[in-house]
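Colleague: Dropping in structure_15.pdb, which is PDB, C-alpha atoms:
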```pdb
MODEL        1
ATOM      1  CA  MET A   3      19.473  48.968 -15.379
ATOM      2  CA  LYS A   4      16.234  48.628 -17.341
ATOM      3  CA  LYS A   5      17.926  46.227 -19.743
ATOM      4  CA  LEU A   6      19.155  44.111 -16.842
ATOM      5  CA  VAL A   7      15.660  43.956 -15.337
ATOM      6  CA  LEU A   8      14.217  43.024 -18.735
ATOM      7  CA  ILE A   9      16.804  40.250 -19.159
ATOM      8  CA  LEU A  10      16.019  38.891 -15.671
ATOM      9  CA  LEU A  11      12.289  38.907 -16.386
ATOM     10  CA  LEU A  12      12.772  37.085 -19.673
ATOM     11  CA  PHE A  13      15.069  34.545 -18.014
ATOM     12  CA  THR A  14      12.525  33.964 -15.219
ATOM     13  CA  ALA A  15       9.725  33.486 -17.724
ATOM     14  CA  TYR A  16      11.836  31.035 -19.732
ATOM     15  CA  THR A  17      12.806  29.100 -16.589
ATOM     16  CA  ASN A  18       9.209  28.837 -15.416
ATOM     17  CA  GLN A  19       8.111  27.660 -18.843
ATOM     18  CA  SER A  20      10.848  25.009 -18.932
ATOM     19  CA  GLN A  21       9.969  23.767 -15.452
ATOM     20  CA  ALA A  22       6.331  23.547 -16.405
ATOM     21  CA  LYS A  23       7.235  21.015 -19.064
ATOM     22  CA  VAL A  24       8.767  18.642 -16.523
ATOM     23  CA  GLN A  25       6.672  16.279 -14.426
ATOM     24  CA  VAL A  26       8.090  14.454 -11.404
ATOM     25  CA  GLY A  27       6.270  11.525  -9.811
ATOM     26  CA  VAL A  28       7.140  10.015  -6.421
ATOM     27  CA  GLY A  29       5.525   6.822  -5.223
ATOM     28  CA  VAL A  30       5.623   3.254  -3.967
ATOM     29  CA  LYS A  31       5.108  -0.143  -5.574
ATOM     30  CA  VAL A  32       4.721  -3.785  -4.574
ATOM     31  CA  GLY A  33       4.220  -7.072  -6.369
ATOM     32  CA  PRO A  34       5.485 -10.582  -7.065
ATOM     33  CA  ALA A  35       9.069 -11.416  -8.028
ATOM     34  CA  PHE A  36      10.249 -14.525  -9.876
ATOM     35  CA  GLY A  37      13.945 -15.378  -9.630
ATOM     36  CA  ARG A  38      15.830 -17.779 -11.896
ATOM     37  CA  TRP A  39      19.447 -18.783 -12.449
ATOM     38  CA  ASN A  40      20.792 -18.504 -15.991
ATOM     39  CA  ASN A  41      23.854 -20.036 -17.583
ATOM     40  CA  ASP A  42      23.770 -17.925 -20.728
ATOM     41  CA  PHE A  43      20.974 -15.690 -21.980
ATOM     42  CA  PHE A  44      20.929 -17.338 -25.414
ATOM     43  CA  LYS A  45      22.287 -20.793 -24.456
ATOM     44  CA  ASN A  46      20.290 -22.046 -21.483
ATOM     45  CA  SER A  47      20.330 -25.538 -23.030
ATOM     46  CA  LYS A  48      23.874 -25.857 -21.627
ATOM     47  CA  LEU A  49      22.287 -26.331 -18.204
ATOM     48  CA  ALA A  50      20.731 -29.601 -19.394
ATOM     49  CA  THR A  51      24.142 -30.945 -20.407
ATOM     50  CA  ALA A  52      25.311 -30.110 -16.888
ATOM     51  CA  GLY A  53      22.732 -32.534 -15.518
ATOM     52  CA  GLY A  54      19.843 -30.358 -14.456
ATOM     53  CA  THR A  55      17.176 -27.802 -15.134
ATOM     54  CA  VAL A  56      16.248 -24.536 -13.450
ATOM     55  CA  SER A  57      12.866 -22.937 -12.899
ATOM     56  CA  PHE A  58      11.529 -19.651 -11.571
ATOM     57  CA  LEU A  59      11.149 -19.330  -7.812
ATOM     58  CA  PRO A  60       8.288 -17.019  -6.719
ATOM     59  CA  GLY A  61       8.901 -14.264  -4.207
ATOM     60  CA  LEU A  62       7.969 -10.680  -3.439
ATOM     61  CA  HIS A  63       9.318  -7.205  -4.123
ATOM     62  CA  ALA A  64       8.524  -3.688  -2.916
ATOM     63  CA  GLY A  65      10.099  -0.281  -3.327
ATOM     64  CA  ILE A  66       9.903   3.466  -3.731
ATOM     65  CA  GLN A  67      10.509   5.227  -7.034
ATOM     66  CA  ALA A  68      10.962   8.676  -8.526
ATOM     67  CA  ARG A  69       9.900   9.165 -12.139
ATOM     68  CA  VAL A  70      10.709  12.247 -14.220
ATOM     69  CA  TRP A  71       9.010  12.971 -17.539
ATOM     70  CA  PHE A  72      10.846  15.682 -19.487
ATOM     71  CA  ASN A  73       8.072  15.781 -22.070
ATOM     72  CA  LYS A  74       5.322  13.525 -23.423
ATOM     73  CA  PHE A  75       7.803  11.007 -24.848
ATOM     74  CA  VAL A  76      11.017  10.807 -22.756
ATOM     75  CA  GLY A  77      11.756  10.314 -19.060
ATOM     76  CA  ILE A  78      13.852   8.486 -16.467
ATOM     77  CA  ASN A  79      13.001   6.262 -13.500
ATOM     78  CA  LEU A  80      15.097   5.784 -10.341
ATOM     79  CA  ALA A  81      14.045   3.364  -7.606
ATOM     80  CA  THR A  82      15.126   1.624  -4.426
ATOM     81  CA  GLU A  83      13.716  -1.882  -4.087
ATOM     82  CA  PHE A  84      13.730  -4.821  -1.705
ATOM     83  CA  ASN A  85      13.542  -8.028  -3.746
ATOM     84  CA  MET A  86      12.931 -11.522  -2.394
ATOM     85  CA  SER A  87      13.786 -13.991  -5.156
ATOM     86  CA  GLY A  88      16.209 -16.861  -5.862
ATOM     87  CA  SER A  89      16.038 -19.986  -7.996
ATOM     88  CA  LYS A  90      15.160 -23.697  -8.030
ATOM     89  CA  PHE A  91      17.478 -26.348  -9.513
ATOM     90  CA  VAL A  92      16.717 -30.029 -10.113
ATOM     91  CA  GLY A  93      19.651 -32.234 -11.142
ATOM     92  CA  THR A  94      19.807 -35.939 -12.008
ATOM     93  CA  ASN A  95      22.831 -38.200 -11.624
ATOM     94  CA  GLY A  96      21.909 -41.823 -12.245
ATOM     95  CA  THR A  97      19.206 -42.743  -9.705
ATOM     96  CA  ILE A  98      19.930 -39.678  -7.547
ATOM     97  CA  ILE A  99      17.741 -36.591  -7.970
ATOM     98  CA  THR A 100      18.977 -33.453  -6.212
ATOM     99  CA  THR A 101      16.643 -30.492  -5.675
ATOM    100  CA  VAL A 102      18.187 -27.204  -4.539
ATOM    101  CA  ILE A 103      16.093 -24.184  -3.547
ATOM    102  CA  HIS A 104      17.985 -20.939  -3.019
ATOM    103  CA  LYS A 105      16.166 -17.904  -1.610
ATOM    104  CA  GLU A 106      17.805 -14.516  -1.202
ATOM    105  CA  ASN A 107      16.952 -10.976  -0.095
ATOM    106  CA  GLN A 108      18.424  -8.235  -2.242
ATOM    107  CA  LEU A 109      18.540  -4.451  -2.044
ATOM    108  CA  THR A 110      18.303  -3.238  -5.646
ATOM    109  CA  ILE A 111      18.823   0.208  -7.163
ATOM    110  CA  PRO A 112      17.723   0.426 -10.827
ATOM    111  CA  LEU A 113      18.013   3.392 -13.199
ATOM    112  CA  THR A 114      16.163   3.226 -16.511
ATOM    113  CA  ALA A 115      15.304   5.497 -19.412
ATOM    114  CA  LEU A 116      11.625   5.772 -20.360
ATOM    115  CA  VAL A 117      10.348   6.153 -23.905
ATOM    116  CA  GLY A 118       6.634   6.297 -24.544
ATOM    117  CA  TRP A 119       3.517   8.294 -25.175
ATOM    118  CA  GLY A 120       0.916   9.961 -22.988
ATOM    119  CA  ASN A 121      -2.360  11.820 -23.035
ATOM    120  CA  GLU A 122      -4.253  13.594 -20.271
ATOM    121  CA  ARG A 123      -5.263  10.364 -18.517
ATOM    122  CA  MET A 124      -2.620   7.772 -19.290
ATOM    123  CA  ARG A 125       1.018   7.128 -20.181
ATOM    124  CA  ILE A 126       2.297   3.966 -21.871
ATOM    125  CA  TYR A 127       6.064   3.394 -22.012
ATOM    126  CA  GLY A 128       8.961   1.042 -22.459
ATOM    127  CA  GLN A 129      12.074   1.219 -20.307
ATOM    128  CA  ALA A 130      15.683   0.058 -20.466
ATOM    129  CA  GLY A 131      18.740   0.630 -18.327
ATOM    130  CA  GLY A 132      20.701  -1.046 -15.582
ATOM    131  CA  TYR A 133      20.585  -2.049 -11.940
ATOM    132  CA  PHE A 134      22.920  -2.607  -9.003
ATOM    133  CA  GLY A 135      22.055  -5.122  -6.300
ATOM    134  CA  TYR A 136      23.438  -6.178  -2.938
ATOM    135  CA  ASN A 137      22.399  -9.565  -1.554
ATOM    136  CA  ILE A 138      21.781  -9.041   2.157
ATOM    137  CA  ASN A 139      21.211 -12.668   3.101
ATOM    138  CA  GLY A 140      19.651 -15.908   1.922
ATOM    139  CA  LYS A 141      18.860 -19.509   2.711
ATOM    140  CA  ASP A 142      19.238 -22.880   0.967
ATOM    141  CA  LYS A 143      17.359 -26.147   1.048
ATOM    142  CA  THR A 144      18.772 -29.313  -0.548
ATOM    143  CA  THR A 145      16.668 -32.464  -0.966
ATOM    144  CA  ILE A 146      18.199 -35.730  -2.226
ATOM    145  CA  ASN A 147      16.029 -38.490  -3.668
ATOM    146  CA  ASN A 148      18.083 -41.692  -4.039
ATOM    147  CA  ASN A 149      15.955 -44.172  -5.988
ATOM    148  CA  GLY A 150      12.844 -43.232  -4.030
ATOM    149  CA  SER A 151      14.517 -42.773  -0.655
ATOM    150  CA  VAL A 152      14.250 -39.082   0.284
ATOM    151  CA  THR A 153      16.694 -37.515   2.734
ATOM    152  CA  PRO A 154      14.904 -35.089   5.122
ATOM    153  CA  SER A 155      16.067 -31.498   4.702
ATOM    154  CA  SER A 156      15.478 -28.003   6.064
ATOM    155  CA  TYR A 157      16.610 -24.482   5.186
ATOM    156  CA  ILE A 158      20.085 -23.372   6.245
ATOM    157  CA  LYS A 159      21.679 -19.929   6.091
ATOM    158  CA  SER A 160      23.387 -19.197   2.751
ATOM    159  CA  ASP A 161      27.149 -18.691   2.879
ATOM    160  CA  TYR A 162      27.896 -15.283   1.328
ATOM    161  CA  LYS A 163      31.496 -15.366   2.488
ATOM    162  CA  ASN A 164      32.722 -18.463   0.640
ATOM    163  CA  VAL A 165      29.931 -19.639  -1.706
ATOM    164  CA  TYR A 166      27.711 -16.822  -2.992
ATOM    165  CA  GLN A 167      28.495 -13.321  -4.228
ATOM    166  CA  ASN A 168      26.947 -10.379  -2.382
ATOM    167  CA  ILE A 169      27.173  -8.088  -5.432
ATOM    168  CA  ASP A 170      24.805  -8.299  -8.387
ATOM    169  CA  ALA A 171      24.513  -5.956 -11.382
ATOM    170  CA  GLY A 172      23.126  -6.128 -14.888
ATOM    171  CA  VAL A 173      20.564  -4.783 -17.334
ATOM    172  CA  ARG A 174      16.876  -4.088 -16.790
ATOM    173  CA  PHE A 175      14.229  -3.757 -19.483
ATOM    174  CA  GLY A 176      10.448  -3.853 -19.648
ATOM    175  CA  GLY A 177       7.453  -1.577 -19.869
ATOM    176  CA  GLY A 178       4.465  -0.212 -18.063
ATOM    177  CA  VAL A 179       1.542   2.135 -17.823
ATOM    178  CA  GLN A 180       0.436   4.858 -15.429
ATOM    179  CA  VAL A 181      -3.141   6.077 -15.192
ATOM    180  CA  TYR A 182      -4.193   9.432 -13.707
ATOM    181  CA  VAL A 183      -7.196   8.751 -11.476
ATOM    182  CA  ASP A 184      -8.260  12.115  -9.985
ATOM    183  CA  LYS A 185      -9.770  15.302 -11.407
ATOM    184  CA  GLY A 186      -6.601  17.287 -10.726
ATOM    185  CA  LEU A 187      -4.524  14.681 -12.618
ATOM    186  CA  LYS A 188      -1.957  14.403  -9.820
ATOM    187  CA  HIS A 189      -2.627  10.932  -8.405
ATOM    188  CA  THR A 190      -1.654   7.932 -10.521
ATOM    189  CA  VAL A 191      -1.860   4.162 -10.405
ATOM    190  CA  THR A 192       1.178   2.457 -11.949
ATOM    191  CA  LEU A 193       1.841  -0.988 -13.413
ATOM    192  CA  ASP A 194       5.372  -2.082 -14.316
ATOM    193  CA  ILE A 195       6.709  -5.324 -15.787
ATOM    194  CA  THR A 196      10.521  -5.594 -15.824
ATOM    195  CA  TYR A 197      13.190  -8.244 -16.293
ATOM    196  CA  ASP A 198      16.666  -8.120 -14.751
ATOM    197  CA  TYR A 199      19.542 -10.078 -16.243
ATOM    198  CA  GLY A 200      22.729 -10.191 -14.198
ATOM    199  CA  PHE A 201      26.283  -9.937 -15.516
ATOM    200  CA  ILE A 202      28.068 -11.037 -12.316
ATOM    201  CA  LYS A 203      28.609 -14.694 -11.351
ATOM    202  CA  THR A 204      26.302 -15.952  -8.606
ATOM    203  CA  PHE A 205      28.989 -18.212  -7.093
ATOM    204  CA  ARG A 206      32.382 -16.932  -5.937
ATOM    205  CA  ASN A 207      34.306 -19.966  -7.235
ATOM    206  CA  GLN A 208      33.439 -22.891  -9.483
ATOM    207  CA  GLU A 209      29.772 -23.894  -9.472
ATOM    208  CA  PRO A 210      28.755 -26.535  -6.856
ATOM    209  CA  ALA A 211      29.140 -30.275  -7.354
ATOM    210  CA  TYR A 212      25.380 -30.868  -7.656
ATOM    211  CA  PHE A 213      25.890 -29.849 -11.286
ATOM    212  CA  ASN A 214      27.139 -32.977 -13.058
ATOM    213  CA  GLN A 215      29.647 -30.917 -15.004
ATOM    214  CA  PRO A 216      30.114 -27.693 -12.989
ATOM    215  CA  GLN A 217      33.061 -26.622 -15.138
ATOM    216  CA  LYS A 218      30.668 -26.201 -18.084
ATOM    217  CA  VAL A 219      28.343 -23.688 -16.435
ATOM    218  CA  GLN A 220      28.681 -20.124 -15.203
ATOM    219  CA  ILE A 221      25.579 -19.227 -13.244
ATOM    220  CA  LYS A 222      24.203 -15.674 -13.227
ATOM    221  CA  ALA A 223      21.016 -14.373 -11.636
ATOM    222  CA  SER A 224      17.864 -13.028 -13.231
ATOM    223  CA  LYS A 225      14.444 -11.966 -11.999
ATOM    224  CA  LEU A 226      11.060 -11.016 -13.398
ATOM    225  CA  LEU A 227       9.241  -8.280 -11.456
ATOM    226  CA  LEU A 228       5.575  -7.266 -11.583
ATOM    227  CA  GLY A 229       4.818  -4.074  -9.695
ATOM    228  CA  VAL A 230       1.548  -2.289  -8.915
ATOM    229  CA  GLY A 231       1.867   1.073  -7.225
ATOM    230  CA  TYR A 232       0.795   4.610  -6.513
ATOM    231  CA  ALA A 233       2.559   7.878  -7.395
ATOM    232  CA  TYR A 234       1.903  11.565  -6.836
ATOM    233  CA  SER A 235       2.862  13.897  -9.681
ATOM    234  CA  LEU A 236       4.580  17.257  -9.211
ATOM    235  CA  GLY A 237       5.421  19.987 -11.701
ATOM    236  CA  LYS A 238       3.608  20.088 -15.008
ATOM    237  CA  SER A 239      -0.110  19.364 -14.885
ATOM    238  CA  GLN A 240      -1.111  16.339 -16.937
ATOM    239  CA  ALA A 241      -4.081  18.393 -18.140
ATOM    240  CA  GLU A 242      -1.667  20.031 -20.586
ATOM    241  CA  GLU A 243      -1.812  16.812 -22.586
ATOM    242  CA  ALA A 244      -5.525  17.228 -23.237
ATOM    243  CA  PRO A 245      -6.300  17.372 -26.986
ATOM    244  CA  ASN A 246      -7.422  20.641 -28.510
ATOM    245  CA  ARG A 247     -11.107  20.402 -29.328
ATOM    246  CA  ALA A 248     -12.928  22.585 -31.792
ATOM    247  CA  VAL A 249     -15.348  25.046 -30.262
ATOM    248  CA  VAL A 250     -18.718  25.290 -31.980
ATOM    249  CA  ASP A 251     -20.609  28.583 -31.518
TER     250      ASP A 251
ENDMDL
END
```
With the file now loaded, output its structure as structure tokens.
Modeller:
Amino acid sequence: MKKLVLILLLFTAYTNQSQAKVQVGVGVKVGPAFGRWNNDFFKNSKLATAGGTVSFLPGLHAGIQARVWFNKFVGINLATEFNMSGSKFVGTNGTIITTVIHKENQLTIPLTALVGWGNERMRIYGQAGGYFGYNINGKDKTTINNNGSVTPSSYIKSDYKNVYQNIDAGVRFGGGVQVYVDKGLKHTVTLDITYDYGFIKTFRNQEPAYFNQPQKVQIKASKLLLGVGYAYSLGKSQAEEAPNRAVVD
């Protein structure tokens, strides 16, 4: 019986020590989002041969996130985000210039691994992983300039049944920093910069005819996200990262 009690005490002590090494942070973030269509990550010049160029379209994103640091160097981050992004396309065909603005609202769930370094007041890290997105809705605006004569246009609801895909998924990578701002080292301010590159086609069928050569392109989505936020840390106290200082008598 005494041996069993001793084993249980040792196991409890080991468990408490292991838990003390883990820090969990829960918080919110908000910031700008910049969406952009891509044809190929390394061959975006193919868009020019299709008769047009793309540029980033500014938007907004917000979300909640849970961050777990297993030790000073390794962790994971799981979030749920609402991203407002899209893309802008300008194509030329003779004297006709077509400008297409596509805006969309996406629910995004990313999961990334964190690798970095921290001390008692700050953590700096890089992150890489993947994301899954569902496009809730969107809107499109098409403006045609025919040799100086501009056709009036307004936004219309995007067709996610026949034209656009609802599903989006791909890789996410980036980096960030979190700074502990209170004496108890529990409250943190976070800054994240991430880039999402999608693997799933944006359009359900062949790309639209406003590309001069739609058969030569295969559009996929991407977005750049800048997030500023707040998180509250649980578990291990960040004070454990304080350096050991020599004591002078």
Colleague: Provide the atom CA of Lys141 of chain A to atom CA of Asn85 of chain A distance in Å, to one decimal place.
Modeller: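 Result for atom CA of Lys141 of chain A versus atom CA of Asn85 of chain A: 14.2 Å, one decimal.
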Colleague: Using all atoms listed in the file, determine which residues lie at most 6 Å from segment 174-179 of chain A, disregarding the query and same-chain residues fewer than 6 positions distant; provide the list as a PDB file with C-alpha atoms, keeping the file's coordinate frame.
Modeller:
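The resulting file, around29.pdb, is reproduced below:
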```
ATOM      1  CA  ARG A 125       1.018   7.128 -20.181  1.00  0.00           C
ATOM      2  CA  ILE A 126       2.297   3.966 -21.871  1.00  0.00           C
ATOM      3  CA  TYR A 127       6.064   3.394 -22.012  1.00  0.00           C
ATOM      4  CA  GLY A 128       8.961   1.042 -22.459  1.00  0.00           C
ATOM      5  CA  GLN A 129      12.074   1.219 -20.307  1.00  0.00           C
ATOM      6  CA  ALA A 130      15.683   0.058 -20.466  1.00  0.00           C
ATOM      7  CA  GLY A 131      18.740   0.630 -18.327  1.00  0.00           C
ATOM      8  CA  GLY A 132      20.701  -1.046 -15.582  1.00  0.00           C
ATOM      9  CA  THR A 192       1.178   2.457 -11.949  1.00  0.00           C
ATOM     10  CA  LEU A 193       1.841  -0.988 -13.413  1.00  0.00           C
ATOM     11  CA  ASP A 194       5.372  -2.082 -14.316  1.00  0.00           C
ATOM     12  CA  ILE A 195       6.709  -5.324 -15.787  1.00  0.00           C
ATOM     13  CA  THR A 196      10.521  -5.594 -15.824  1.00  0.00           C
ATOM     14  CA  TYR A 197      13.190  -8.244 -16.293  1.00  0.00           C
ATOM     15  CA  ASP A 198      16.666  -8.120 -14.751  1.00  0.00           C
TER      16      ASP A 198
END
```
Colleague: One number please: atom CA of Val183 of chain A to atom CA of Thr82 of chain A, in Å, one decimal.
Modeller: 24.5 Å
Colleague: Please measure the separation of atom CA of Gly61 of chain A and atom CA of Tyr199 of chain A, giving the value in Å to one decimal.
Modeller: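 Spanning atom CA of Gly61 of chain A to atom CA of Tyr199 of chain A is a straight-line distance of 16.6 Å.
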Colleague: Which residues are near Ala81 of chain A? Cut-off 10 Å, only C-alpha atoms, ignore same chain within fewer than 4 positions. Put them as a list of chain:residue names.
Modeller: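 Here the qualifying residues turn out to be A:Val28, A:Gly29, A:Val30, A:Lys31, A:Gly65, A:Ile66, A:Gln67, A:Ala68, A:Arg69, A:Thr110, A:Ile111, A:Pro112, A:Leu113, A:Thr114, A:Tyr133.
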Colleague: With the file shown as input, list the residues that the PyMOL selection byres ((chain A and resi 78) around 6) selects, as a PDB file with C-alpha atoms, in the coordinates of the input.
Modeller:
```pdb
ATOM      1  CA  ARG A  69       9.900   9.165 -12.139  1.00  0.00           C
ATOM      2  CA  VAL A  70      10.709  12.247 -14.220  1.00  0.00           C
ATOM      3  CA  GLY A  77      11.756  10.314 -19.060  1.00  0.00           C
ATOM      4  CA  ASN A  79      13.001   6.262 -13.500  1.00  0.00           C
ATOM      5  CA  THR A 114      16.163   3.226 -16.511  1.00  0.00           C
ATOM      6  CA  ALA A 115      15.304   5.497 -19.412  1.00  0.00           C
ATOM      7  CA  LEU A 116      11.625   5.772 -20.360  1.00  0.00           C
TER       8      LEU A 116
END
```
Colleague: Quick one: of A:Gln108, A:Ser155, A:Gln208, A:Asn40, who's nearest to Ser87 of chain A, counting all atoms listed in the file?
Modeller: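 Nearest candidate to Ser87 of chain A out of A:Gln108, A:Ser155, A:Gln208, A:Asn40: A:Gln108.
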Colleague: Closest to Val165 of chain A among A:Asn148, A:Thr204, A:Asn107, A:Asn121, using only C-alpha atoms?
Modeller: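 The shortest atom-to-atom distance to Val165 of chain A comes from A:Thr204.
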Colleague: Exactly which residues make up the result of the PyMOL selection byres ((chain A and resi 223) around 8) on this file, given as a list in words?
Modeller: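 Selected by the PyMOL selection byres ((chain A and resi 223) around 8) in this file: Gly37, Arg38, Trp39, Asn40, Gly88, Asp170, Tyr199, Gly200, Phe201, Ile202, Lys203, Thr204, Ile221, Lys222, Ser224 and Lys225 of chain A.
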